[in-house]
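S.K.: This is the structure I have questions about; it appears just below.
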Amino acid sequence: MITKTISSALSGALEDLGVTVLPAQINLEQPANKEHGDWSSNIALVTAKNAGWNPRELAAKIVETINSNLPSGIENVTVAGPGFINFALSPQWLHQVLLAVLEQGTKEFGRTNIGKGKKVNVEFVSANPTGPLHAGHARGACYGDSIANILTAVGFEAQREFYVNDRGLQMGLFAESLLARKSGNQIPENGYAGAYIEEWSEEMPDDLSLEETLDWGCSYAQGDQRETLEMIGIVFDAWFSERSMVDSGAIERTMNDLMKNDASYLKDGATWLNSSEYGDDKDRVLVKSDGEFTYLTPDVAYHRDKFSRSEWLINVWGADHHGYIARMKAAMEALGHDAGQLTIAITQLVKLVRGGEEVRLSKRHGDIIELREIVEEIGPDATRFSYLLQSVDTKQTFDLDLAASQVMDNPVFYVQMAHARLRSIQAKAESLGVWPAMPLDADLSLLTHERELELLRDLYNFTDLVQLAARELAPHKIAVWLRELATSVHGFYHDCYVVGDDISQQLTSARLQLVEAARIGLVSGLDLLGVSAPDSM
RNA sequence: GCCCCCGUAGCUCAGCUGGAUAGAGCAACGGACUUCUAAUCCGUAGGUCGCAGGUUCGACUCCUGCCGGGGGCGCCA
């Protein structure tokens with residue numbers, strides 16, 4: 001690609017000047033300000049000191065050298081500011097980008113193989129099967145699903161997994177709450193009092209034992225959660241049952257192996273994990289003095305199971321679990337796993353606002369906003385896009401009134417509208433018989449309008465962007481890029497007519513190529529977020 | 001007290017491994033529809049990037065210390 005040409009021109013010039021640089025030091029970037037050219041290098045600023053030059057002088061020498069033998073595709077090279085070297089290219093390189101996008105199509109565009117097929121397990125949501133999913137779960141759900149998409153796009157083999165805590169204290173309280181509600185008794189202390197408990201208990205068969213209630217409630221809740229997730233297009237490859245590890249003996253084996261590795265000990269009638277040996281603040285209880293496991297113990301066994309199936313584990317946890325990271329990594333190391341292959345992605349809390357007031361999230365009380373309600377209110381696409389629009393590192397304010405009533409404020413419509421507009425251009429071209437019978441010899445050099453070039457620059461950036469989003473597990477970067485691409489599309493749509501009497505046939509066919517390329521861009525980006533690209537709005 | 005996240009325009013947020021004059025949407029103001037969807041486009045206005053030091057040719061970005069907001073520090077899950 002063109003960046004290689006520029007890099008080698010730079011390193012050649014530096015060599016001629018007797019300045020030695022490593023290829024890795026040559027760093028090219030696309031300046032934010034278009035007046036600074038298409039590509040820019042700071043190499044003179046970086047190397048000047050060691051070479052004993054003034055940065056601007058060095059840059060001038062480099063430019064002189066490159067200009068004496070200007071590579072094709074580069075229109076001019078200049079020195080600017082404190083010593084930047086700016087390259088202006090002929091639009092031809094962007095036309096190459098267009099051809100590449102068309103050739104790749106929606107199935108290939110933006111995809112690479114840096115993951116080399118490495119297996120990654122993405123565990124997310126993992127809500128207790130004691131109630132419906134709420135607005136807070138949704139952030140982790142959209143995020144986890146999207147990073148699995150992105151990791152797949154860069155060549156990993158991603159598996160989506162949901163860990164079901166179908167045993168333990170909370171399950172017991174849930175079952176007791178259902179039974180109490182069913183028989184009209186008082187909900188037990190610390191039990192579940194949400195309105196859904198009443199609705200669910202009415203669905204429940206009569207005269208169930210506590211154990212049967214637990215089974216029934218668990219599968220009912222799981223079914224409800226599964227259904228809600230499917231409403232926003234999230235389908236898990238595996239639902240891993242905590243209880244199954246009791247039956248299989250996995251938990252006992254894990255306890256034994258921890259003991260064998262001197263990672264656990266008895267104290268005060270409880271069994272402890274020696275986690276402080278592995279960087280945790282303190283040791284943690286694995287088996288309580290009453291003989292029950294803590295939450296940690298089955299989870300350790302579970303992670304171990306995941307490691308037997310995948311090389312890299314990603315857990316998406318809420319901010320309230322961050323204190324749990326150190327002990328889990330400690331346990332993995334104690335069991336001989338590489339804690340570096342366990343990545344914990346923390347999503348900050350979602351603050352729900354309705355009517356200007358904060359809505360508290362608590363499953364134990366009645367006032368939860370269910371994910372199902374949100375999806376029914378604003379639709380799956382707006383739900384997913386809204387949750388993915390900002391970094392999970394920041395706490396999110398989700399304004400339900402805004403999302404429901406002022407749809408125009410919602411960027412998802414802006415992006416989807418861009419796609420619908422491109423489709424309508426194609427539909428018109430189709431009705432005139434000039435599409436999709438596209439002439440492959442369209443003269444792309446006709447694409448010189450700034451709107452057209454802007455579109456191509458956006459498309460050029462996509463592949464690197466997907467890799468960055470994968471590296472940082474940051475789907476919001478895709479969402480931000482989509483808004484930029486949509487802005488370019490709307491600008492192009494406005495200023496560059498594609499099909500019409502006063503547009504030459506040559507220009508029409510060149511622009512039709514661009515329309516399809518931009519469309520491929522929108523579809524590819526939206527796909528990674530799990531948002532649809534409708535033909536009309 | 002310790003740990004994690006955040007602090008950027010009136011509001012909601014971007015800002016890539018440090019780069020040139022800090023960006024976008026909404027809200028405000030002013031323009032653009034005989035045309036492929038005006039659910040759009042163009043322009044104006046709006047900033048001490050929480051504060052103070054440090055590193056650097058260069059800091060919103062990295063380091064340290066404060067201040068402010070949120071979350072977590074159980075033999076709960």
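Residues in the structure tokens are numbered from 1 in each chain, the chains being A, B, ... in the order shown, and ligands are numbered from 1 in the order shown.
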With a distance threshold of 9 Å and counting only C-alpha atoms (C1' of nucleotides), extract the residues of chain B near chain A and express them as a VMD selection string.
M.R.: chain B and resid 3 to 6 12 to 14 16 19 to 20 24 to 26 35 to 37 39 to 41 57 to 58 70 to 73 75 to 77
S.K.: Using the chain letters and numbers from this document, which residues of segment 251-320 of chain A does DSSP assign to strand (DSSP E), as a PyMOL selection string?
M.R.: chain A and resi 264-267+270-273+284-287+312-318
S.K.: Any chance you can output those residues with N, CA, C and O atoms as a PDB file, in the first residue's frame?
M.R.:
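And here is the file that came out, part27.pdb:
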```pdb
ATOM      1  N   SER A 264      -4.108 -23.920  49.431  1.00  0.00           N
ATOM      2  CA  SER A 264      -5.219 -23.767  50.363  1.00  0.00           C
ATOM      3  C   SER A 264      -4.831 -24.317  51.732  1.00  0.00           C
ATOM      4  O   SER A 264      -3.896 -25.099  51.853  1.00  0.00           O
ATOM      5  N   TYR A 265      -5.521 -23.865  52.742  1.00  0.00           N
ATOM      6  CA  TYR A 265      -5.229 -24.316  54.110  1.00  0.00           C
ATOM      7  C   TYR A 265      -6.485 -24.190  54.968  1.00  0.00           C
ATOM      8  O   TYR A 265      -7.437 -23.486  54.594  1.00  0.00           O
ATOM      9  N   LEU A 266      -6.467 -24.863  56.107  1.00  0.00           N
ATOM     10  CA  LEU A 266      -7.584 -24.813  57.038  1.00  0.00           C
ATOM     11  C   LEU A 266      -7.304 -23.800  58.140  1.00  0.00           C
ATOM     12  O   LEU A 266      -6.188 -23.728  58.654  1.00  0.00           O
ATOM     13  N   LYS A 267      -8.323 -23.010  58.463  1.00  0.00           N
ATOM     14  CA  LYS A 267      -8.183 -22.081  59.585  1.00  0.00           C
ATOM     15  C   LYS A 267      -9.577 -21.738  60.091  1.00  0.00           C
ATOM     16  O   LYS A 267     -10.472 -21.474  59.269  1.00  0.00           O
ATOM     17  N   ALA A 270     -12.622 -23.203  58.495  1.00  0.00           N
ATOM     18  CA  ALA A 270     -12.916 -22.944  57.076  1.00  0.00           C
ATOM     19  C   ALA A 270     -11.688 -23.298  56.238  1.00  0.00           C
ATOM     20  O   ALA A 270     -10.583 -23.411  56.754  1.00  0.00           O
ATOM     21  N   THR A 271     -11.907 -23.487  54.935  1.00  0.00           N
ATOM     22  CA  THR A 271     -10.794 -23.716  54.012  1.00  0.00           C
ATOM     23  C   THR A 271     -10.523 -22.430  53.256  1.00  0.00           C
ATOM     24  O   THR A 271     -11.454 -21.825  52.711  1.00  0.00           O
ATOM     25  N   TRP A 272      -9.251 -22.034  53.238  1.00  0.00           N
ATOM     26  CA  TRP A 272      -8.887 -20.741  52.653  1.00  0.00           C
ATOM     27  C   TRP A 272      -8.025 -20.935  51.417  1.00  0.00           C
ATOM     28  O   TRP A 272      -7.226 -21.868  51.342  1.00  0.00           O
ATOM     29  N   LEU A 273      -8.165 -19.984  50.495  1.00  0.00           N
ATOM     30  CA  LEU A 273      -7.272 -19.909  49.342  1.00  0.00           C
ATOM     31  C   LEU A 273      -6.138 -18.955  49.687  1.00  0.00           C
ATOM     32  O   LEU A 273      -6.368 -17.860  50.180  1.00  0.00           O
ATOM     33  N   ARG A 284      -8.687 -15.781  50.816  1.00  0.00           N
ATOM     34  CA  ARG A 284     -10.139 -15.842  50.652  1.00  0.00           C
ATOM     35  C   ARG A 284     -10.665 -17.213  51.048  1.00  0.00           C
ATOM     36  O   ARG A 284     -10.028 -18.239  50.812  1.00  0.00           O
ATOM     37  N   VAL A 285     -11.870 -17.197  51.579  1.00  0.00           N
ATOM     38  CA  VAL A 285     -12.475 -18.451  52.012  1.00  0.00           C
ATOM     39  C   VAL A 285     -13.030 -19.218  50.810  1.00  0.00           C
ATOM     40  O   VAL A 285     -13.692 -18.642  49.943  1.00  0.00           O
ATOM     41  N   LEU A 286     -12.712 -20.500  50.768  1.00  0.00           N
ATOM     42  CA  LEU A 286     -13.251 -21.368  49.723  1.00  0.00           C
ATOM     43  C   LEU A 286     -14.433 -22.180  50.239  1.00  0.00           C
ATOM     44  O   LEU A 286     -15.445 -22.322  49.570  1.00  0.00           O
ATOM     45  N   VAL A 287     -14.241 -22.739  51.465  1.00  0.00           N
ATOM     46  CA  VAL A 287     -15.319 -23.500  52.089  1.00  0.00           C
ATOM     47  C   VAL A 287     -15.573 -22.915  53.466  1.00  0.00           C
ATOM     48  O   VAL A 287     -14.667 -22.826  54.294  1.00  0.00           O
ATOM     49  N   TRP A 312      -7.695 -18.409  25.567  1.00  0.00           N
ATOM     50  CA  TRP A 312      -7.810 -17.051  26.119  1.00  0.00           C
ATOM     51  C   TRP A 312      -9.222 -16.892  26.672  1.00  0.00           C
ATOM     52  O   TRP A 312     -10.199 -17.277  26.017  1.00  0.00           O
ATOM     53  N   LEU A 313      -9.324 -16.379  27.890  1.00  0.00           N
ATOM     54  CA  LEU A 313     -10.630 -16.173  28.507  1.00  0.00           C
ATOM     55  C   LEU A 313     -10.885 -14.684  28.691  1.00  0.00           C
ATOM     56  O   LEU A 313     -10.018 -13.954  29.164  1.00  0.00           O
ATOM     57  N   ILE A 314     -12.073 -14.266  28.309  1.00  0.00           N
ATOM     58  CA  ILE A 314     -12.482 -12.894  28.593  1.00  0.00           C
ATOM     59  C   ILE A 314     -13.753 -12.970  29.429  1.00  0.00           C
ATOM     60  O   ILE A 314     -14.702 -13.657  29.070  1.00  0.00           O
ATOM     61  N   ASN A 315     -13.740 -12.276  30.570  1.00  0.00           N
ATOM     62  CA  ASN A 315     -14.949 -12.176  31.377  1.00  0.00           C
ATOM     63  C   ASN A 315     -15.438 -10.746  31.343  1.00  0.00           C
ATOM     64  O   ASN A 315     -14.652  -9.827  31.542  1.00  0.00           O
ATOM     65  N   VAL A 316     -16.700 -10.574  31.112  1.00  0.00           N
ATOM     66  CA  VAL A 316     -17.275  -9.236  31.178  1.00  0.00           C
ATOM     67  C   VAL A 316     -18.012  -9.136  32.512  1.00  0.00           C
ATOM     68  O   VAL A 316     -19.004  -9.829  32.732  1.00  0.00           O
ATOM     69  N   TRP A 317     -17.470  -8.303  33.385  1.00  0.00           N
ATOM     70  CA  TRP A 317     -18.070  -8.155  34.710  1.00  0.00           C
ATOM     71  C   TRP A 317     -18.509  -6.724  34.950  1.00  0.00           C
ATOM     72  O   TRP A 317     -17.939  -5.783  34.403  1.00  0.00           O
ATOM     73  N   GLY A 318     -19.479  -6.576  35.812  1.00  0.00           N
ATOM     74  CA  GLY A 318     -19.904  -5.246  36.227  1.00  0.00           C
ATOM     75  C   GLY A 318     -18.900  -4.645  37.204  1.00  0.00           C
ATOM     76  O   GLY A 318     -18.076  -5.350  37.793  1.00  0.00           O
TER      77      GLY A 318
END
```
S.K.: Just want the 12 Å neighbourhood of G65 of chain B, counted on only C-alpha atoms (C1' of nucleotides), with same-chain residues fewer than 2 positions away dropped. Output as a ChimeraX atom specification.
M.R.: /B:51-54,63,67
S.K.: Out of segment 212-346 of chain A, which residues get alpha helix (DSSP H) from DSSP, as a PyMOL selection string?
M.R.: chain A and resi 212-231+242-248+250-260+296-309+325-334
S.K.: Please determine, counting only C-alpha atoms (C1' of nucleotides), which residue among B:A28, B:C33, B:C49, B:C11 has the shortest atom-to-atom distance to U61 of chain B.
M.R.: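 Looking at the shortest contact to U61 of chain B, the residue is B:C49.
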S.K.: Might you pull out every residue within 12 Å of Leu371 of chain A, with only C-alpha atoms (C1' of nucleotides) counted and same-chain residues fewer than 3 positions away left off, and present them as a ChimeraX atom specification?
M.R.: /A:131-142,224-232,352,361,368,374-380,383-384,387,400
S.K.: Pick the closest to Leu178 of chain A from A:Leu214, A:Ile325, A:Leu446, A:Val154: which is it, counting only C-alpha atoms?
M.R.: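 For Leu178 of chain A, the nearest of the given residues is A:Leu214.
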